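Notes follow the structure.
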Amino acid sequence: MVSLNLLAVGKEIIELMRELYPICRSITGNGYRETMQIMKKHIPLEIREIPSGTRVFDWIVPKEWNIRDAYIKNMNGDKIVDFQKSNLHVLNYSIPINTRITFAELKEHLHTLPENKNWIPYRTSYYKENWGFCITHRQLESMEDIEYEVSIDSSLEDGHLTYGEFFIKGELEDEFLISCHCCHPSLCNDNLSGMALASELAKHLYNQRKLRYSYRFLFIPGTIGSIVWLSLNERTVHKIKHGLVIACVGDPGIMHYKKTRRGDAEIDKVVVHMLSHSGQNYKILEFSPYGYDERQYSSPGFDLPVGSLTRSPHGSFPEYHTSADNLDFIKEESLGDSFLKYIEVIQIIENNRKYINTNPKGEPQLGKRGLYDAFGGRKDSGTYELSLLWVLNFSDGKNSLLDIAERSGINFKIINEAANALFDCGLLVASE
Amino acid sequence: MVSLNLLAVGKEIIELMRELYPICRSITGNGYRETMQIMKKHIPLEIREIPSGTRVFDWIVPKEWNIRDAYIKNMNGDKIVDFQKSNLHVLNYSIPINTRITFAELKEHLHTLPENKNWIPYRTSYYKENWGFCITHRQLESMEDIEYEVSIDSSLEDGHLTYGEFFIKGELEDEFLISCHCCHPSLCNDNLSGMALASELAKHLYNQRKLRYSYRFLFIPGTIGSIVWLSLNERTVHKIKHGLVIACVGDPGIMHYKKTRRGDAEIDKVVVHMLSHSGQNYKILEFSPYGYDERQYSSPGFDLPVGSLTRSPHGSFPEYHTSADNLDFIKEESLGDSFLKYIEVIQIIENNRKYINTNPKGEPQLGKRGLYDAFGGRKDSGTYELSLLWVLNFSDGKNSLLDIAERSGINFKIINEAANALFDCGLLVASE
Amino acid sequence: MVSLNLLAVGKEIIELMRELYPICRSITGNGYRETMQIMKKHIPLEIREIPSGTRVFDWIVPKEWNIRDAYIKNMNGDKIVDFQKSNLHVLNYSIPINTRITFAELKEHLHTLPENKNWIPYRTSYYKENWGFCITHRQLESMEDIEYEVSIDSSLEDGHLTYGEFFIKGELEDEFLISCHCCHPSLCNDNLSGMALASELAKHLYNQRKLRYSYRFLFIPGTIGSIVWLSLNERTVHKIKHGLVIACVGDPGIMHYKKTRRGDAEIDKVVVHMLSHSGQNYKILEFSPYGYDERQYSSPGFDLPVGSLTRSPHGSFPEYHTSADNLDFIKEESLGDSFLKYIEVIQIIENNRKYINTNPKGEPQLGKRGLYDAFGGRKDSGTYELSLLWVLNFSDGKNSLLDIAERSGINFKIINEAANALFDCGLLVASE
């Protein structure tokens with residue numbers, strides 16, 4: 001593949017994040033729609049709308065939520081909490097309200113973070129009708145035991161759930177699924193970073209001349225979105241051979257890979273190999289049924305091989321689901337590096353084949369084909385020459401190039417190069 | 001199961017031990033018979049008698065041994081060694097003798113422990129006719145080179161081998177075997193502790209309203225007893241699905257579990273899980289064909305899944321098979337704690353089932369069933385909510401609740417609670 | 001087997017090395033022939049000759065190389081480099097040359113070791129026609145920018161490739177292959193040590209009254225020799241059930257075992273067991289397709305279970321492939337110890353059988369057969385008594401004696417002794 005200017009890629013990703021940051025998204029509504037329209041300027045996304053009330057397995061598509069404004073005013077008419085300053089101030093999916101209320105009553109509807117007094121928490125109430133405000137603990141502390149005016153100018157009515165889908169056809173029917181949740185309001189790492197990186201990745205793959213796998217990108221609201229998509233595509237999901245859920249790819253932390261439910265899927269081996277040769281620290285997490293939409297793809301009725309490649313995982317950083325998960329928390333270098341990791345995973349998946357050695361009895365004579373040093377007797381053989389021997393010895397139709405890379409401890413890139421050279425001089429043929 | 005007063009249980013166990021302590025037991029004889037009669041006051045034991053000379057596989061039931069008195073007298077007629085003071089003084093299974101003898105000759109028949117000069121060793125000679133005395137090394141050192149009068153008023157004659165058996169019928173024909181050897185004279189940890197704990201456990205299970213498995217308790221003489229029992233029950237031993245040999249459960253040491261010959265039987269997984277969640281130190285030992293009656297149950301012709309759950313294992317403590325393995329060596333807390341461990345193992349075995357998720361496509365909506373917090377966005381989910389997700393995701397008919405507990409790292413008790421809640425609202429059905 | 005005087009064995013091996021040391025060997029030619037004739041005085045070797053030009057899989061048997069003399073003379077006619085002083089001075093397989101040449105031109109044909117200025121490197125050019133000299137870096141530094149006379153009195157003509165083969169028929173058709181490369185000129189550890197140890201081993205086995213396996217010894221030139229042999233014996237190589245490549249067995253380093261391609265062949269388990277009970281340090285290396293002739297035996301078209309047991313592996317010691325790999329580098333104790341290791345491997349392979357316990361239900365009564373201590377109650381049982389129990393319990397037709405030795409942690413020798421005792425009293429029969 002082409003060489004990449006990772007800093008430029010990082011800048012491009014952050015530009016898109018900056019554009020999407022102010023919008024108040026939720027699992028349905030105009031904020032989501034507007035977000036998809038902006039993304040469509042970058043990649044030819046299909047935007048789908050599913051009516052409220054549609055049955056999707058055990059769930060029902062909820063009413064559509066929209067919000068225009070919200071505030072809390074004190075006796076003087078000063079807005080002490082203002083949705084226009086941060087869309088996190090409203091409990092996401094709050095029903096409309098406009099009333100005077102005592103402090104005691106109001107307190108039941110206030111959410112704060114005592115451990116980080118200047119941060120606004122992000123809270124939702126999608127499936128139980130309620131209203132509320134999320135404020136800093138400092139704001140709470142400065143409030144007096146007086147009457148307040150609260151106003152939430154929202155609506156919760158029959159409408160639609162919106163999501164985006166983008167498909168790139170490759171040589172194979174087999175698909176690589178990339179999924180990200182797009183339902184969070186002004187929160188950057190979780191998950192504007194994932195949305196923007198997925199968009200950049202889609203653009204990059206769309207520009208490739210040739211892809212072996214087909215690639216499917218989903219820009220969906222969390223939980224209900226993947227359940228909707230699985231429900232609508234139940235008959236074709238078996239085509240998904242590999243998948244990754246993208247989230248939290250902009251923070252300065254190390255890479256984390258959460259394995260698929262199967263634990264030994266090809267995507268698991270590929271990501272672990274890539275990370276182990278990255279020269280960076282990283283951490284492998286076993287599958288658990290808690291997290292992002294891999295939960296749904298991995299439900300026992302589907303059991304799709306979908307892992308999740310992130311930097312700091314959900315819930316593991318203090319800024320998680322607070323107003324501190326803002327643009328300052330995001331590093332261009334992290335975005336560029338995360339992008340590279342996804343590209344490297346795809347490069348391995350695209351090239352990971354099984355070959356058969358056409359000359360399996362004894363080693364073939366590599367010297368006469370110009371593949372081996374003419375002088376004998378030296379102490380070491382170079383990694384490339386070793387790679388040729390590894391590929392020849394283990395290309396018996398049972399081992400993939402990745403298996404050989406793992407067994408030899410040699411980077412897949414070099415093993416793949418060696419396989420290409422051997423293929424070119426007829427010492428390998430593709431298996432099957 | 002009911003909550004337990006472990007200290008009360010410990011006291012009850014030690015009471016029974018105290019009652020049984022003075023009796024001189026062996027692998028046959030009246031001491032064994034008396035012991036079974038006392039135990040029968042606690043549980044409705046069947047007492048069986050097998051005639052001397054009966055062929056049992058490669059062995060023959062030995063003659064019955066009984067002893068009334070024994071001593072060594074010096075020239076003054078003083079009893080310098082007296083069976084009435086400790087029944088360990090006689091080599092167990094000594095033939096009768098009554099004679100005057102030189103010190104040189106007598107020494108050939110004396111057993112001592114030079115490394116613990118005040119302790120009497122426990123020695124036996126079941127299968128080779130012999131006589132002897134076991135004395136403290138101090139006693140030996142104070143003896144002079146004079147003539148002695150030795151007397152052992154014993155008999156070794158055709159009679160019976162006695163053992164006790166207690167069966168509790170559960171819903172299933174499948175059995176859980178609990179076996180303990182009862183052939184030792186005044187020795188406490190090995191194995192009055194095991195006998196008394198087994199009795200308490202039998203009483204506890206007998207009082208349960210409902211048991212899934214059937215439970216079989218064997219109170220047998222070591223080696224020959226299990227061989228006799230296997231020989232008499234050869235056609236039905238296949239019903240034994242789990243088994244534990246109880247011994248050495250009263251000392252202050254940590255728990256030890258010796259695995260079954262198979263090494264991966266359900267009982268192995270259950271005990272390891274229980275111990276790993278006990279918050280205590282413990283040690284897992286691989287199977288070896290040396291030890292207690294698990295040797296016989298695990299012989300290759302049977303290969304029954306029988307492990308052994310003890311505190312300090314046989315031979316590992318200095319007091320082992322000496323007069324120092326007395327009532328002072330036993331702790332009520334240890335007995336209570338050992339009892340709890342057995343109960344916990346049984347609770348897991350009783351509840352370890354496989355379920356099938358009735359809503360396997362995507363997660364079911366737990367919130368509408370009151371099983372999940374209505375507010376979204378928080379950093380952590382509680383262990384119980386996680387348990388619901390684990391049970392749902394892995395209840396595919398392949399994983400037992402214990403498999404799920406192990407994979408999730410969550411205590412079986414919580415996983416089981418979660419499964420019960422899901423079962424109650426129809427989200428799980430039993431597999432098969 | 002007989003007890004061995006290892007120091008005497010070490011001396012015998014080093015004597016043969018001393019006799020073979022001066023000869024200039026290569027992959028073909030009279031040096032190789034002479035070497036085989038000398039070895040034939042020790043063991044009744046078959047010497048085979050394969051014509052140049054013979055097709056062997058992907059290779060062609062090369063022309064035969066012979067050399068009589070070679071030197072570099074300065075302007076004064078002084079021989080500054082002289083083949084008669086060390087046969088390493090000539091690039092092995094150099095074509096003949098006799099000319100005057102500038103220093104600049106000559107330098108293109110000189111090989112040195114800048115990191116060890118007093119050592120001559122060993123270099124070859126078997127498959128690309130070339131000429132050259134290998135000299136010390138000191139020699140290079142003392143050369144001036146003048147004209148030199150270079151002379152290599154060699155020939156490269158159609159002839160034969162020579163190798164030696166020695167077969168000892170055992171009870172079974174199944175073979176144990178021992179292979180060593182004999183193509184190096186005056187280099188001791190690699191591989192006069194391997195050649196001489198193989199010869200000593202062959203002699204030792206030839207003198208045994210009874211062997212279960214048949215043993216095949218190959219004394220071949222590296223790479224091309226094993227390819228030739230595989231090509232000529234393609235239809236019968238399946239008889240090879242175990243194999244070892246011998247090399248580098250005289251240096252003072254610790255033992256290294258490189259596993260077979262399969263990684264879990266019987267030979268792998270045997271060598272690992274032997275080393276783990278040796279009381280010495282050792283190292284186990286995973287298979288790699290680089291090294292000695294195990295590369296060819298392990299090519300995917302054959303995949304023979306051939307490992308390699310050496311002291312310091314190829315390329316791992318500074319003296320490797322230099323004039324410093326001379327007789328001073330070799331230790332008699334190392335040779336004796338290496339010999340013992342091979343003997344112990346063979347002893348395990350010869351005795352590693354599966355038995356069936358004829359009394360599988362419960363333990364048989366060992367006491368009545370005199371195999372077990374008559375007194376009961378002691379803390380420990382001896383290793384030999386434990387071995388009896390291990391062999392009885394696991395002789396179910398599935399476990400070999402080596403499996404039992406590994407599971408019990410007891411040395412194979414003691415397990416084998418126990419099995420023999422049980423076999424003698426009818427408690428075991430051979431499986432199959």
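How things are named: the first chain in the structure tokens is A, the next is B, and so on; residues count from 1 in each chain; ligands count from 1 in the order shown.
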
Against chain B, which residues of chain C fall within 8 Å? For each one I want the closest pair of atoms and the distance in Å (one decimal), counting only C-alpha atoms, rows by chain and increasing residue number, as CSV.
```
residue,atom,partner,partner_atom,distance
C:Asn359,CA,B:Asp58,CA,7.2
C:Pro360,CA,B:Gly301,CA,4.5
C:Lys361,CA,B:Gly301,CA,4.6
C:Gly362,CA,B:Gln296,CA,4.5
C:Glu363,CA,B:Gln296,CA,6.2
C:Pro364,CA,B:Asp58,CA,5.3
C:Gln365,CA,B:Trp59,CA,6.3
C:Gly367,CA,B:Tyr127,CA,7.5
C:Lys368,CA,B:Tyr127,CA,7.8
C:Ala374,CA,B:Ser125,CA,6.3
C:Phe375,CA,B:Ser125,CA,5.1
C:Gly376,CA,B:Thr124,CA,4.9
C:Gly377,CA,B:Arg123,CA,4.9
C:Arg378,CA,B:Arg123,CA,7.2
C:Lys379,CA,B:Gly315,CA,4.8
C:Asp380,CA,B:Gly315,CA,6.8
C:Leu386,CA,B:Tyr290,CA,7.0
C:Leu389,CA,B:Pro289,CA,5.9
C:Trp390,CA,B:Pro289,CA,5.9
C:Asn393,CA,B:Ser299,CA,5.5
C:Phe394,CA,B:Pro300,CA,6.7
C:Ser395,CA,B:Pro300,CA,7.7
C:Asp396,CA,B:Pro300,CA,6.3
C:Ser408,CA,B:Ser288,CA,7.3
```

Spatial neighbours of Gly77 (chain C), 12 Å, only C-alpha atoms, chain gap at least 6 places, as a list in words: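 The filter keeps Tyr71, Arg100, Glu147, Tyr148, Glu149 and Val150 of chain C.
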
d(CA of Leu428 (chain C), CA of His277 (chain C)) in Å: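 Distance reported for this atom pair: 25.6 Å.
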
Option closest in space to Glu173 (chain A), from A:Arg353, A:His137, A:His256, A:His238 [counting only C-alpha atoms]: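 Of A:Arg353, A:His137, A:His256, A:His238, the one nearest Glu173 (chain A) is A:His238, counting only C-alpha atoms.
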
Option closest in space to His184 (chain B), from B:Ser276, B:Asn87, B:Ser312, B:Thr136 [counting only C-alpha atoms]: B:Asn87

Per-residue DSSP, region 30-188 of chain B, filtered to alpha helix (DSSP H), as a list of chain:residue names: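 Reading the DSSP output for region 30-188 of chain B, alpha helix (DSSP H) covers B:Asn30, B:Gly31, B:Tyr32, B:Arg33, B:Glu34, B:Thr35, B:Met36, B:Gln37, B:Ile38, B:Met39, B:Lys40, B:Phe103, B:Ala104, B:Glu105, B:Leu106, B:Lys107, B:His137, B:Arg138, B:Gln139, B:Leu140, B:Glu141, B:Ser142.
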
Counting only C-alpha atoms, the option among C:Ile330, C:Val237, C:Ala324, C:Ala265 closest to Arg18 (chain C):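 Among the listed residues, the smallest separation from Arg18 (chain C) belongs to C:Ile330.
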
Between CA of Lys40 (chain B) and CA of Glu175 (chain B), distance in Å (one decimal):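 Distance between the two atoms: 21.6 Å.
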